[in-house]
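Containing PDB, C-alpha atoms (C1' of nucleotides): entry.pdb.
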```pdb
ATOM      1  CA  MET A   1     215.884-113.792 161.147
ATOM      2  CA  GLY A   2     214.225-116.915 162.509
ATOM      3  CA  THR A   3     214.589-115.084 165.805
ATOM      4  CA  THR A   4     211.627-113.692 167.707
ATOM      5  CA  LYS A   5     211.918-109.936 168.334
ATOM      6  CA  SER A   6     211.341-110.279 172.069
ATOM      7  CA  GLU A   7     212.644-106.778 172.834
ATOM      8  CA  VAL A   8     209.670-105.119 171.206
ATOM      9  CA  PHE A   9     207.080-106.973 173.249
ATOM     10  CA  THR A  10     206.111-106.581 176.875
ATOM     11  CA  GLU A  11     207.498-108.735 179.663
ATOM     12  CA  GLU A  12     204.088-110.273 180.106
ATOM     13  CA  GLU A  13     203.632-111.094 176.462
ATOM     14  CA  ASN A  14     207.020-112.757 176.431
ATOM     15  CA  ARG A  15     206.318-114.650 179.632
ATOM     16  CA  ILE A  16     202.963-115.940 178.469
ATOM     17  CA  SER A  17     204.379-117.064 175.156
ATOM     18  CA  ASP A  18     207.162-118.828 177.013
ATOM     19  CA  LEU A  19     204.686-120.588 179.279
ATOM     20  CA  ALA A  20     202.677-121.561 176.217
ATOM     21  CA  LYS A  21     205.772-123.139 174.715
ATOM     22  CA  ALA A  22     205.706-125.642 177.536
ATOM     23  CA  PHE A  23     202.501-126.967 175.996
ATOM     24  CA  ALA A  24     203.352-126.331 172.369
ATOM     25  CA  HIS A  25     204.697-129.810 171.630
ATOM     26  CA  PRO A  26     202.736-133.051 172.058
ATOM     27  CA  ALA A  27     205.618-134.710 173.859
ATOM     28  CA  ARG A  28     205.734-131.934 176.412
ATOM     29  CA  VAL A  29     201.979-132.094 176.858
ATOM     30  CA  ALA A  30     202.364-135.812 177.498
ATOM     31  CA  ILE A  31     205.192-135.243 179.969
ATOM     32  CA  LEU A  32     203.312-132.544 181.864
ATOM     33  CA  ARG A  33     200.223-134.713 182.001
ATOM     34  CA  LEU A  34     202.148-137.646 183.368
ATOM     35  CA  LEU A  35     203.761-135.465 185.993
ATOM     36  CA  ALA A  36     200.479-133.766 186.865
ATOM     37  CA  GLU A  37     198.452-136.938 187.202
ATOM     38  CA  LYS A  38     200.944-139.327 188.711
ATOM     39  CA  LYS A  39     200.651-139.873 192.372
ATOM     40  CA  ALA A  40     204.392-140.095 192.557
ATOM     41  CA  CYS A  41     206.577-138.184 190.201
ATOM     42  CA  VAL A  42     208.059-140.260 187.447
ATOM     43  CA  CYS A  43     211.700-140.136 186.620
ATOM     44  CA  GLY A  44     213.370-141.965 183.763
ATOM     45  CA  ASP A  45     210.105-143.843 183.450
ATOM     46  CA  LEU A  46     209.105-140.956 181.255
ATOM     47  CA  VAL A  47     211.356-142.363 178.569
ATOM     48  CA  ASP A  48     209.500-145.683 178.751
ATOM     49  CA  GLU A  49     206.149-143.972 178.521
ATOM     50  CA  LEU A  50     207.084-141.832 175.542
ATOM     51  CA  PRO A  51     207.658-142.922 171.951
ATOM     52  CA  LEU A  52     210.868-140.937 171.710
ATOM     53  CA  SER A  53     214.505-141.618 172.392
ATOM     54  CA  GLN A  54     216.092-140.926 175.738
ATOM     55  CA  ALA A  55     218.080-138.042 174.262
ATOM     56  CA  THR A  56     214.977-136.394 172.860
ATOM     57  CA  VAL A  57     212.996-136.760 176.069
ATOM     58  CA  SER A  58     215.906-135.287 177.972
ATOM     59  CA  GLN A  59     215.899-132.304 175.665
ATOM     60  CA  HIS A  60     212.192-131.682 176.230
ATOM     61  CA  LEU A  61     212.734-131.946 179.966
ATOM     62  CA  LYS A  62     215.513-129.394 179.677
ATOM     63  CA  GLU A  63     213.181-127.005 177.888
ATOM     64  CA  LEU A  64     210.489-127.478 180.521
ATOM     65  CA  LYS A  65     213.084-126.805 183.210
ATOM     66  CA  ARG A  66     214.217-123.662 181.399
ATOM     67  CA  ILE A  67     210.645-122.383 181.436
ATOM     68  CA  GLY A  68     210.483-123.338 185.092
ATOM     69  CA  ILE A  69     207.309-125.383 184.998
ATOM     70  CA  ILE A  70     209.073-128.527 186.190
ATOM     71  CA  LYS A  71     212.015-129.154 188.447
ATOM     72  CA  GLY A  72     214.292-132.115 188.911
ATOM     73  CA  ASP A  73     215.411-133.628 192.154
ATOM     74  CA  ILE A  74     218.790-135.170 191.574
ATOM     75  CA  ALA A  75     219.208-138.500 193.357
ATOM     76  CA  PRO A  76     222.006-140.024 191.296
ATOM     77  CA  PRO A  77     222.071-141.800 189.125
ATOM     78  CA  ARG A  78     218.375-140.898 188.878
ATOM     79  CA  VAL A  79     216.576-137.614 188.578
ATOM     80  CA  CYS A  80     213.071-137.230 189.858
ATOM     81  CA  TYR A  81     211.031-134.719 187.882
ATOM     82  CA  CYS A  82     207.900-133.008 189.001
ATOM     83  CA  ILE A  83     205.692-130.015 188.422
ATOM     84  CA  ASP A  84     206.806-126.772 190.004
ATOM     85  CA  GLU A  85     203.650-125.770 191.768
ATOM     86  CA  VAL A  86     204.393-122.057 191.761
ATOM     87  CA  VAL A  87     204.997-121.845 188.034
ATOM     88  CA  TRP A  88     202.117-124.183 187.289
ATOM     89  CA  ASN A  89     199.818-121.851 189.190
ATOM     90  CA  GLU A  90     201.323-118.847 187.460
ATOM     91  CA  ALA A  91     200.536-120.443 184.112
ATOM     92  CA  MET A  92     197.030-121.397 185.203
ATOM     93  CA  GLN A  93     196.316-117.864 186.360
ATOM     94  CA  SER A  94     197.876-116.177 183.323
ATOM     95  CA  PHE A  95     195.929-118.288 180.879
ATOM     96  CA  GLY A  96     192.829-117.997 182.985
ATOM     97  CA  LEU A  97     192.977-114.219 182.868
ATOM     98  CA  LEU A  98     193.702-114.226 179.179
ATOM     99  CA  PHE A  99     190.833-116.561 178.379
ATOM    100  CA  SER A 100     188.387-114.628 180.515
ATOM    101  CA  SER A 101     189.389-111.319 178.943
ATOM    102  CA  TYR A 102     187.348-112.300 175.921
ATOM    103  CA  LEU A 103     184.163-110.366 175.759
ATOM    104  CA  LYS A 104     181.718-111.419 173.150
ATOM    105  CA  ASN A 105     180.738-108.483 171.064
ATOM    106  CA  GLY A 106     179.393-110.169 168.017
ATOM    107  CA  CYS A 107     181.300-108.115 165.493
ATOM    108  CA  CYS A 108     182.065-110.909 163.024
TER     109      CYS A 108
ATOM    110  CA  MET L 109     214.244-134.325 161.481
ATOM    111  CA  GLY L 110     213.164-130.945 162.714
ATOM    112  CA  THR L 111     209.703-132.426 162.272
ATOM    113  CA  THR L 112     207.486-133.291 165.204
ATOM    114  CA  LYS L 113     206.522-136.967 165.215
ATOM    115  CA  SER L 114     202.806-136.215 165.461
ATOM    116  CA  GLU L 115     201.779-139.741 164.449
ATOM    117  CA  VAL L 116     203.033-141.236 167.682
ATOM    118  CA  PHE L 117     201.006-138.940 169.904
ATOM    119  CA  THR L 118     197.292-138.896 170.627
ATOM    120  CA  GLU L 119     194.850-136.643 168.827
ATOM    121  CA  GLU L 120     194.311-134.730 172.016
ATOM    122  CA  GLU L 121     197.986-134.199 172.695
ATOM    123  CA  ASN L 122     198.409-132.912 169.173
ATOM    124  CA  ARG L 123     195.389-130.664 169.433
ATOM    125  CA  ILE L 124     196.415-129.146 172.731
ATOM    126  CA  SER L 125     199.924-128.484 171.493
ATOM    127  CA  ASP L 126     198.455-126.855 168.428
ATOM    128  CA  LEU L 127     196.194-124.649 170.515
ATOM    129  CA  ALA L 128     199.191-123.772 172.683
ATOM    130  CA  LYS L 129     201.066-122.660 169.583
ATOM    131  CA  ALA L 130     198.502-119.902 169.191
ATOM    132  CA  PHE L 131     199.934-118.410 172.383
ATOM    133  CA  ALA L 132     203.531-119.454 171.880
ATOM    134  CA  HIS L 133     204.716-116.229 170.305
ATOM    135  CA  PRO L 134     204.486-112.778 171.903
ATOM    136  CA  ALA L 135     203.065-111.242 168.726
ATOM    137  CA  ARG L 136     200.265-113.785 168.668
ATOM    138  CA  VAL L 137     199.559-113.211 172.345
ATOM    139  CA  ALA L 138     199.313-109.496 171.565
ATOM    140  CA  ILE L 139     197.018-110.113 168.620
ATOM    141  CA  LEU L 140     194.728-112.416 170.572
ATOM    142  CA  ARG L 141     194.585-109.953 173.439
ATOM    143  CA  LEU L 142     193.664-107.110 171.136
ATOM    144  CA  LEU L 143     190.947-109.176 169.528
ATOM    145  CA  ALA L 144     189.683-110.453 172.866
ATOM    146  CA  GLU L 145     189.531-107.073 174.570
ATOM    147  CA  LYS L 146     188.479-104.816 171.755
ATOM    148  CA  LYS L 147     184.866-103.893 171.653
ATOM    149  CA  ALA L 148     185.001-104.004 167.912
ATOM    150  CA  CYS L 149     187.292-106.382 166.115
ATOM    151  CA  VAL L 150     190.337-104.730 164.713
ATOM    152  CA  CYS L 151     191.396-105.291 161.148
ATOM    153  CA  GLY L 152     194.549-103.912 159.577
ATOM    154  CA  ASP L 153     194.804-101.754 162.673
ATOM    155  CA  LEU L 154     196.606-104.731 164.099
ATOM    156  CA  VAL L 155     199.563-103.823 161.943
ATOM    157  CA  ASP L 156     199.618-100.336 163.453
ATOM    158  CA  GLU L 157     199.428-101.704 166.968
ATOM    159  CA  LEU L 158     202.216-104.211 166.487
ATOM    160  CA  PRO L 159     205.927-103.514 166.100
ATOM    161  CA  LEU L 160     206.202-105.816 163.127
ATOM    162  CA  SER L 161     205.854-105.469 159.402
ATOM    163  CA  GLN L 162     202.572-105.995 157.622
ATOM    164  CA  ALA L 163     203.877-109.174 156.034
ATOM    165  CA  THR L 164     204.889-110.625 159.382
ATOM    166  CA  VAL L 165     201.592-109.757 161.046
ATOM    167  CA  SER L 166     199.752-111.317 158.141
ATOM    168  CA  GLN L 167     201.777-114.488 158.601
ATOM    169  CA  HIS L 168     200.874-114.694 162.293
ATOM    170  CA  LEU L 169     197.221-114.126 161.427
ATOM    171  CA  LYS L 170     197.458-116.969 158.938
ATOM    172  CA  GLU L 171     198.827-119.278 161.603
ATOM    173  CA  LEU L 172     196.060-118.294 164.017
ATOM    174  CA  LYS L 173     193.513-118.967 161.291
ATOM    175  CA  ARG L 174     195.081-122.359 160.615
ATOM    176  CA  ILE L 175     194.658-123.261 164.265
ATOM    177  CA  GLY L 176     191.117-121.960 164.048
ATOM    178  CA  ILE L 177     191.177-119.623 167.010
ATOM    179  CA  ILE L 178     190.453-116.582 164.867
ATOM    180  CA  LYS L 179     188.477-116.026 161.715
ATOM    181  CA  GLY L 180     188.468-113.285 159.152
ATOM    182  CA  ASP L 181     185.492-111.587 157.599
ATOM    183  CA  ILE L 182     186.491-110.455 154.161
ATOM    184  CA  ALA L 183     185.137-107.043 153.264
ATOM    185  CA  PRO L 184     187.532-106.004 150.532
ATOM    186  CA  PRO L 185     189.875-104.471 150.510
ATOM    187  CA  ARG L 186     189.764-105.021 154.283
ATOM    188  CA  VAL L 187     189.550-108.109 156.409
ATOM    189  CA  CYS L 188     187.988-107.999 159.816
ATOM    190  CA  TYR L 189     189.520-110.475 162.225
ATOM    191  CA  CYS L 190     188.023-111.749 165.401
ATOM    192  CA  ILE L 191     188.156-114.547 167.923
ATOM    193  CA  ASP L 192     186.342-117.737 166.968
ATOM    194  CA  GLU L 193     184.269-118.257 170.053
ATOM    195  CA  VAL L 194     183.955-122.012 169.665
ATOM    196  CA  VAL L 195     187.672-122.632 169.392
ATOM    197  CA  TRP L 196     188.446-120.075 172.096
ATOM    198  CA  ASN L 197     186.160-121.989 174.429
ATOM    199  CA  GLU L 198     187.674-125.271 173.357
ATOM    200  CA  ALA L 199     191.100-123.931 174.274
ATOM    201  CA  MET L 200     189.869-122.533 177.565
ATOM    202  CA  GLN L 201     188.304-125.845 178.484
ATOM    203  CA  SER L 202     191.258-127.962 177.375
ATOM    204  CA  PHE L 203     193.765-125.899 179.306
ATOM    205  CA  GLY L 204     191.422-125.676 182.240
ATOM    206  CA  LEU L 205     191.163-129.443 182.429
ATOM    207  CA  LEU L 206     194.886-129.839 182.024
ATOM    208  CA  PHE L 207     195.709-127.331 184.721
ATOM    209  CA  SER L 208     193.212-128.790 187.145
ATOM    210  CA  SER L 209     194.512-132.308 186.599
ATOM    211  CA  TYR L 210     197.453-131.431 188.773
ATOM    212  CA  LEU L 211     197.183-133.038 192.140
ATOM    213  CA  LYS L 212     199.710-131.952 194.670
ATOM    214  CA  ASN L 213     201.397-134.964 196.104
ATOM    215  CA  GLY L 214     204.490-133.441 197.527
ATOM    216  CA  CYS L 215     206.900-135.871 195.992
ATOM    217  CA  CYS L 216     209.690-133.422 195.187
TER     218      CYS L 216
ATOM    219  C1'  DC I 217     238.239-151.545 191.236
ATOM    220  C1'  DT I 218     235.061-152.814 187.531
ATOM    221  C1'  DA I 219     230.778-153.041 185.596
ATOM    222  C1'  DA I 220     226.087-151.439 185.152
ATOM    223  C1'  DT I 221     222.602-147.852 185.413
ATOM    224  C1'  DT I 222     220.765-143.397 184.616
ATOM    225  C1'  DC I 223     220.742-139.142 182.648
ATOM    226  C1'  DA I 224     222.872-134.960 180.245
ATOM    227  C1'  DT I 225     225.217-133.266 176.499
ATOM    228  C1'  DC I 226     227.493-133.108 171.941
ATOM    229  C1'  DG I 227     227.271-133.295 167.102
ATOM    230  C1'  DC I 228     224.742-133.802 163.210
ATOM    231  C1'  DA I 229     220.841-133.581 159.904
ATOM    232  C1'  DA I 230     216.514-132.043 158.540
ATOM    233  C1'  DT I 231     212.524-129.328 158.960
ATOM    234  C1'  DA I 232     210.064-125.295 161.075
ATOM    235  C1'  DT I 233     209.694-120.659 162.394
ATOM    236  C1'  DT I 234     210.388-115.790 162.204
ATOM    237  C1'  DA I 235     210.943-111.640 159.687
ATOM    238  C1'  DC I 236     210.745-108.582 155.859
ATOM    239  C1'  DG I 237     210.873-106.409 151.183
ATOM    240  C1'  DA I 238     208.693-106.864 146.978
ATOM    241  C1'  DT I 239     204.905-107.972 144.519
ATOM    242  C1'  DA I 240     200.301-109.511 143.392
ATOM    243  C1'  DA I 241     195.267-109.507 143.998
ATOM    244  C1'  DA I 242     191.021-107.304 144.835
ATOM    245  C1'  DT I 243     188.210-103.607 145.425
ATOM    246  C1'  DA I 244     186.959 -98.567 146.151
ATOM    247  C1'  DT I 245     187.806 -93.968 144.687
ATOM    248  C1'  DT I 246     188.536 -90.390 141.442
TER     249       DT I 246
ATOM    250  C1'  DA P 247     190.367 -96.359 133.039
ATOM    251  C1'  DA P 248     193.883 -95.002 136.397
ATOM    252  C1'  DT P 249     195.035 -94.740 141.165
ATOM    253  C1'  DA P 250     194.958 -95.649 145.953
ATOM    254  C1'  DT P 251     194.083 -98.814 149.762
ATOM    255  C1'  DT P 252     194.348-103.044 152.022
ATOM    256  C1'  DT P 253     195.797-107.632 152.599
ATOM    257  C1'  DA P 254     197.929-112.090 150.982
ATOM    258  C1'  DT P 255     201.654-114.375 149.149
ATOM    259  C1'  DC P 256     206.318-115.185 147.276
ATOM    260  C1'  DG P 257     211.107-115.392 147.834
ATOM    261  C1'  DT P 258     214.893-115.137 150.697
ATOM    262  C1'  DA P 259     217.740-115.276 154.793
ATOM    263  C1'  DA P 260     218.718-116.437 159.365
ATOM    264  C1'  DT P 261     217.770-118.727 163.570
ATOM    265  C1'  DA P 262     215.130-122.274 166.232
ATOM    266  C1'  DT P 263     213.323-126.713 166.910
ATOM    267  C1'  DT P 264     213.078-131.615 166.667
ATOM    268  C1'  DG P 265     215.171-136.016 166.776
ATOM    269  C1'  DC P 266     218.661-139.398 167.507
ATOM    270  C1'  DG P 267     223.112-141.940 167.968
ATOM    271  C1'  DA P 268     227.166-141.662 170.438
ATOM    272  C1'  DT P 269     229.543-140.287 174.253
ATOM    273  C1'  DG P 270     230.440-138.527 178.840
ATOM    274  C1'  DA P 271     229.549-137.895 183.855
ATOM    275  C1'  DA P 272     228.073-139.563 188.184
ATOM    276  C1'  DT P 273     226.808-142.915 191.261
ATOM    277  C1'  DT P 274     225.533-147.718 192.717
ATOM    278  C1'  DA P 275     226.185-152.596 192.619
ATOM    279  C1'  DG P 276     229.095-156.539 192.424
TER     280       DG P 276
END
```
Once you've parsed the file, please lay out its structure as structure tokens.
Amino acid sequence: MGTTKSEVFTEEENRISDLAKAFAHPARVAILRLLAEKKACVCGDLVDELPLSQATVSQHLKELKRIGIIKGDIAPPRVCYCIDEVVWNEAMQSFGLLFSSYLKNGCC
Amino acid sequence: MGTTKSEVFTEEENRISDLAKAFAHPARVAILRLLAEKKACVCGDLVDELPLSQATVSQHLKELKRIGIIKGDIAPPRVCYCIDEVVWNEAMQSFGLLFSSYLKNGCC
DNA sequence: CTAATTCATCGCAATATTACGATAAATATT
DNA sequence: AATATTTATCGTAATATTGCGATGAATTAG
């Protein structure tokens, strides 16, 4: 155990939970915010902005890339990271739908 | 290690990541959906609806309660769970702000 | 060609998460 | 009082996550 039983859930449930993971760590929230707000997309500057080691930041970036919400433009020796607009919008819409599916019914 | 360095992040970053954790597991997404969409709030019926053991469902409910996004009305031997409207709205607003903070700038 | 720079990855350690059977707690039913 | 119902919690096991130092890979600068 320790493993999520992904097989028994729907594609959508798994996708939403994966998208949520992008925001489920303060460092990743900070990274996504920096990338979302910056006029230009920051690169290794992220390491300077964050109170974590370069290795750790790199690992978070890898996770965000796995989810697809950011992408990296390789321009060696640098890599320029930025939000993937398509996935960002997918996340926005998915969460939007989920949040608006709540109908008050005053049961509790 | 294995522990998130919460101290070095802002309150808001920590709060958002915590709220995101509510959605960061397919079972919790399923639970929140059921509670959000149901006319009446489901109780132990959640266990029947989910492909997980009672103990596991109870653990996910505990985590959702810790975050605050659901609350349970004890009516022994049953407990009636439902969305906490205040926290649900807090999450909706926080994610809404975050998502809308993205300004396309066509860097990558 | 030799640094220097930037970033990814490896290896390790420690904690967190996920899952479940078994059991306990609390009440309603008989 | 004894039993059944419902939910929480404990204990255990396995995997995942977080974090970092060290190292490697790739390119640029000197």
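Atom pair atom C1' of DT225 of chain I / atom CA of Glu63 of chain A has a distance of 13.6 Å (rounded to one decimal).
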Next on the checklist: Tell me as a PyMOL selection string which residues belonging to chain A come within 12 Å of chain I, counting all atoms listed in the file.
Outcome noted: chain A and resi 1-6+43-47+54-62+72+74-81
For C-alpha atoms, I'd like the residues from the last selection saved as a PDB file, keeping the file's coordinate frame.
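part_16.pdb, freshly written:
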```
ATOM      1  CA  MET A   1     215.884-113.792 161.147  1.00  0.00           C
ATOM      2  CA  GLY A   2     214.225-116.915 162.509  1.00  0.00           C
ATOM      3  CA  THR A   3     214.589-115.084 165.805  1.00  0.00           C
ATOM      4  CA  THR A   4     211.627-113.692 167.707  1.00  0.00           C
ATOM      5  CA  LYS A   5     211.918-109.936 168.334  1.00  0.00           C
ATOM      6  CA  SER A   6     211.341-110.279 172.069  1.00  0.00           C
ATOM      7  CA  CYS A  43     211.700-140.136 186.620  1.00  0.00           C
ATOM      8  CA  GLY A  44     213.370-141.965 183.763  1.00  0.00           C
ATOM      9  CA  ASP A  45     210.105-143.843 183.450  1.00  0.00           C
ATOM     10  CA  LEU A  46     209.105-140.956 181.255  1.00  0.00           C
ATOM     11  CA  VAL A  47     211.356-142.363 178.569  1.00  0.00           C
ATOM     12  CA  GLN A  54     216.092-140.926 175.738  1.00  0.00           C
ATOM     13  CA  ALA A  55     218.080-138.042 174.262  1.00  0.00           C
ATOM     14  CA  THR A  56     214.977-136.394 172.860  1.00  0.00           C
ATOM     15  CA  VAL A  57     212.996-136.760 176.069  1.00  0.00           C
ATOM     16  CA  SER A  58     215.906-135.287 177.972  1.00  0.00           C
ATOM     17  CA  GLN A  59     215.899-132.304 175.665  1.00  0.00           C
ATOM     18  CA  HIS A  60     212.192-131.682 176.230  1.00  0.00           C
ATOM     19  CA  LEU A  61     212.734-131.946 179.966  1.00  0.00           C
ATOM     20  CA  LYS A  62     215.513-129.394 179.677  1.00  0.00           C
ATOM     21  CA  GLY A  72     214.292-132.115 188.911  1.00  0.00           C
ATOM     22  CA  ILE A  74     218.790-135.170 191.574  1.00  0.00           C
ATOM     23  CA  ALA A  75     219.208-138.500 193.357  1.00  0.00           C
ATOM     24  CA  PRO A  76     222.006-140.024 191.296  1.00  0.00           C
ATOM     25  CA  PRO A  77     222.071-141.800 189.125  1.00  0.00           C
ATOM     26  CA  ARG A  78     218.375-140.898 188.878  1.00  0.00           C
ATOM     27  CA  VAL A  79     216.576-137.614 188.578  1.00  0.00           C
ATOM     28  CA  CYS A  80     213.071-137.230 189.858  1.00  0.00           C
ATOM     29  CA  TYR A  81     211.031-134.719 187.882  1.00  0.00           C
TER      30      TYR A  81
END
```
Would you list which chain P residues are within 6 Å of chain L using only C-alpha atoms (C1' of nucleotides), as a PDB file with C-alpha atoms (C1' of nucleotides), in the frame of the given file?
```pdb
ATOM      1  C1'  DT P 252     194.348-103.044 152.022  1.00  0.00           C
ATOM      2  C1'  DT P 263     213.323-126.713 166.910  1.00  0.00           C
ATOM      3  C1'  DT P 264     213.078-131.615 166.667  1.00  0.00           C
ATOM      4  C1'  DG P 265     215.171-136.016 166.776  1.00  0.00           C
TER       5       DG P 265
END
```
Counting all atoms listed in the file, which residues of chain L fall within 8 Å of chain A, and what is the closest atom pair for each with its distance in Å at one decimal, ordered by chain and rising number, as CSV?
```
residue,atom,partner,partner_atom,distance
L:Thr112,CA,A:His25,CA,7.8
L:Ser114,CA,A:Pro26,CA,7.3
L:Val116,CA,A:Pro51,CA,6.5
L:Phe117,CA,A:Pro26,CA,6.5
L:Glu121,CA,A:Pro26,CA,4.9
L:Asn122,CA,A:Pro26,CA,5.2
L:Ile124,CA,A:Phe23,CA,7.2
L:Ser125,CA,A:Ala24,CA,4.1
L:Asp126,CA,A:Ala24,CA,6.3
L:Leu127,CA,A:Ala24,CA,7.6
L:Ala128,CA,A:Ala24,CA,4.9
L:Lys129,CA,A:Ala24,CA,5.1
L:Phe131,CA,A:Ser17,CA,5.4
L:Ala132,CA,A:Ser17,CA,4.1
L:His133,CA,A:Ser17,CA,4.9
L:Pro134,CA,A:Glu13,CA,4.9
L:Ala135,CA,A:Phe9,CA,7.4
L:Val137,CA,A:Glu13,CA,6.2
L:Ala138,CA,A:Glu13,CA,6.7
L:Arg141,CA,A:Leu98,CA,7.2
L:Leu143,CA,A:Tyr102,CA,8.0
L:Ala144,CA,A:Tyr102,CA,4.3
L:Glu145,CA,A:Tyr102,CA,5.8
L:Lys147,CA,A:Asn105,CA,6.2
L:Ala148,CA,A:Cys107,CA,6.0
L:Cys149,CA,A:Cys107,CA,6.3
L:Pro159,CA,A:Val8,CA,6.5
L:Gly180,CA,A:Cys108,CA,7.9
L:Asp181,CA,A:Cys108,CA,6.5
L:Cys188,CA,A:Cys108,CA,7.3
L:Tyr189,CA,A:Cys108,CA,7.5
L:Cys190,CA,A:Cys108,CA,6.5
L:Glu193,CA,A:Lys104,CA,7.9
L:Trp196,CA,A:Phe99,CA,7.6
L:Met200,CA,A:Phe99,CA,6.1
L:Gly204,CA,A:Met92,CA,7.7
L:Leu206,CA,A:Arg33,CA,7.2
L:Phe207,CA,A:Met92,CA,6.1
L:Ser209,CA,A:Glu37,CA,6.1
L:Tyr210,CA,A:Ala36,CA,4.3
L:Leu211,CA,A:Ala36,CA,6.3
L:Lys212,CA,A:Glu85,CA,7.9
L:Asn213,CA,A:Lys39,CA,6.2
L:Cys215,CA,A:Ala40,CA,6.0
L:Cys216,CA,A:Cys82,CA,6.5
```
Next on the checklist: As an exercise, work out the distance from atom C1' of DA250 of chain P to atom CA of Ile139 of chain L in Å and give it to one decimal place.
Outcome noted: 27.0 Å
Give chain A as a compact mmCIF listing (two decimals) with C-alpha atoms, in the coordinates of the input once it has been least-squares superposed onto chain L over every C-alpha atom, paired in order.
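Output contents, as saved in result-v6.txt:
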```txt
# COMPACT_ATOMS: atom_id res chain seq x y z
CA MET A 1 214.31 -134.21 161.52
CA GLY A 2 213.15 -130.82 162.77
CA THR A 3 209.72 -132.36 162.31
CA THR A 4 207.48 -133.26 165.22
CA LYS A 5 206.50 -136.95 165.23
CA SER A 6 202.79 -136.20 165.47
CA GLU A 7 201.77 -139.73 164.44
CA VAL A 8 203.00 -141.23 167.68
CA PHE A 9 200.98 -138.94 169.91
CA THR A 10 197.27 -138.89 170.62
CA GLU A 11 194.82 -136.63 168.81
CA GLU A 12 194.29 -134.73 172.02
CA GLU A 13 197.96 -134.21 172.69
CA ASN A 14 198.40 -132.90 169.17
CA ARG A 15 195.36 -130.66 169.43
CA ILE A 16 196.41 -129.15 172.74
CA SER A 17 199.91 -128.49 171.50
CA ASP A 18 198.45 -126.85 168.42
CA LEU A 19 196.20 -124.65 170.53
CA ALA A 20 199.19 -123.77 172.68
CA LYS A 21 201.06 -122.66 169.58
CA ALA A 22 198.51 -119.91 169.19
CA PHE A 23 199.94 -118.42 172.37
CA ALA A 24 203.54 -119.47 171.88
CA HIS A 25 204.72 -116.23 170.28
CA PRO A 26 204.49 -112.78 171.89
CA ALA A 27 203.07 -111.26 168.73
CA ARG A 28 200.27 -113.78 168.66
CA VAL A 29 199.57 -113.20 172.34
CA ALA A 30 199.34 -109.50 171.56
CA ILE A 31 197.03 -110.12 168.61
CA LEU A 32 194.74 -112.42 170.57
CA ARG A 33 194.61 -109.95 173.42
CA LEU A 34 193.69 -107.11 171.13
CA LEU A 35 190.98 -109.19 169.52
CA ALA A 36 189.70 -110.46 172.86
CA GLU A 37 189.54 -107.08 174.55
CA LYS A 38 188.47 -104.82 171.73
CA LYS A 39 184.87 -103.91 171.67
CA ALA A 40 184.98 -104.05 167.92
CA CYS A 41 187.28 -106.38 166.13
CA VAL A 42 190.33 -104.74 164.69
CA CYS A 43 191.40 -105.30 161.15
CA GLY A 44 194.54 -103.93 159.56
CA ASP A 45 194.80 -101.77 162.65
CA LEU A 46 196.62 -104.73 164.09
CA VAL A 47 199.59 -103.82 161.94
CA ASP A 48 199.61 -100.32 163.46
CA GLU A 49 199.42 -101.70 166.96
CA LEU A 50 202.23 -104.20 166.47
CA PRO A 51 205.94 -103.51 166.09
CA LEU A 52 206.21 -105.82 163.11
CA SER A 53 205.86 -105.45 159.39
CA GLN A 54 202.59 -105.98 157.60
CA ALA A 55 203.90 -109.18 156.02
CA THR A 56 204.91 -110.63 159.37
CA VAL A 57 201.62 -109.77 161.04
CA SER A 58 199.79 -111.34 158.13
CA GLN A 59 201.77 -114.51 158.60
CA HIS A 60 200.89 -114.70 162.29
CA LEU A 61 197.24 -114.14 161.43
CA LYS A 62 197.47 -116.98 158.93
CA GLU A 63 198.84 -119.28 161.61
CA LEU A 64 196.08 -118.29 164.03
CA LYS A 65 193.53 -118.97 161.30
CA ARG A 66 195.09 -122.36 160.61
CA ILE A 67 194.67 -123.27 164.27
CA GLY A 68 191.12 -121.96 164.05
CA ILE A 69 191.20 -119.63 167.02
CA ILE A 70 190.46 -116.58 164.87
CA LYS A 71 188.49 -116.04 161.71
CA GLY A 72 188.50 -113.29 159.14
CA ASP A 73 185.51 -111.60 157.63
CA ILE A 74 186.49 -110.47 154.18
CA ALA A 75 185.08 -107.05 153.31
CA PRO A 76 187.48 -106.01 150.55
CA PRO A 77 189.82 -104.46 150.50
CA ARG A 78 189.71 -105.01 154.27
CA VAL A 79 189.55 -108.11 156.39
CA CYS A 80 187.99 -108.02 159.80
CA TYR A 81 189.55 -110.48 162.22
CA CYS A 82 188.04 -111.76 165.39
CA ILE A 83 188.15 -114.55 167.91
CA ASP A 84 186.33 -117.73 166.98
CA GLU A 85 184.26 -118.24 170.06
CA VAL A 86 183.94 -121.99 169.67
CA VAL A 87 187.66 -122.61 169.39
CA TRP A 88 188.43 -120.08 172.09
CA ASN A 89 186.14 -121.98 174.44
CA GLU A 90 187.66 -125.27 173.36
CA ALA A 91 191.09 -123.92 174.27
CA MET A 92 189.85 -122.52 177.57
CA GLN A 93 188.30 -125.84 178.51
CA SER A 94 191.25 -127.95 177.37
CA PHE A 95 193.75 -125.89 179.30
CA GLY A 96 191.41 -125.67 182.24
CA LEU A 97 191.15 -129.44 182.45
CA LEU A 98 194.87 -129.85 182.03
CA PHE A 99 195.69 -127.32 184.72
CA SER A 100 193.20 -128.79 187.16
CA SER A 101 194.50 -132.32 186.60
CA TYR A 102 197.45 -131.42 188.78
CA LEU A 103 197.18 -133.03 192.13
CA LYS A 104 199.70 -131.99 194.67
CA ASN A 105 201.41 -134.99 196.09
CA GLY A 106 204.50 -133.48 197.51
CA CYS A 107 206.94 -135.94 196.02
CA CYS A 108 209.73 -133.48 195.20
```
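The space separating atom CA of Val86 of chain A from atom CA of Ile70 of chain A comes to 9.7 Å.
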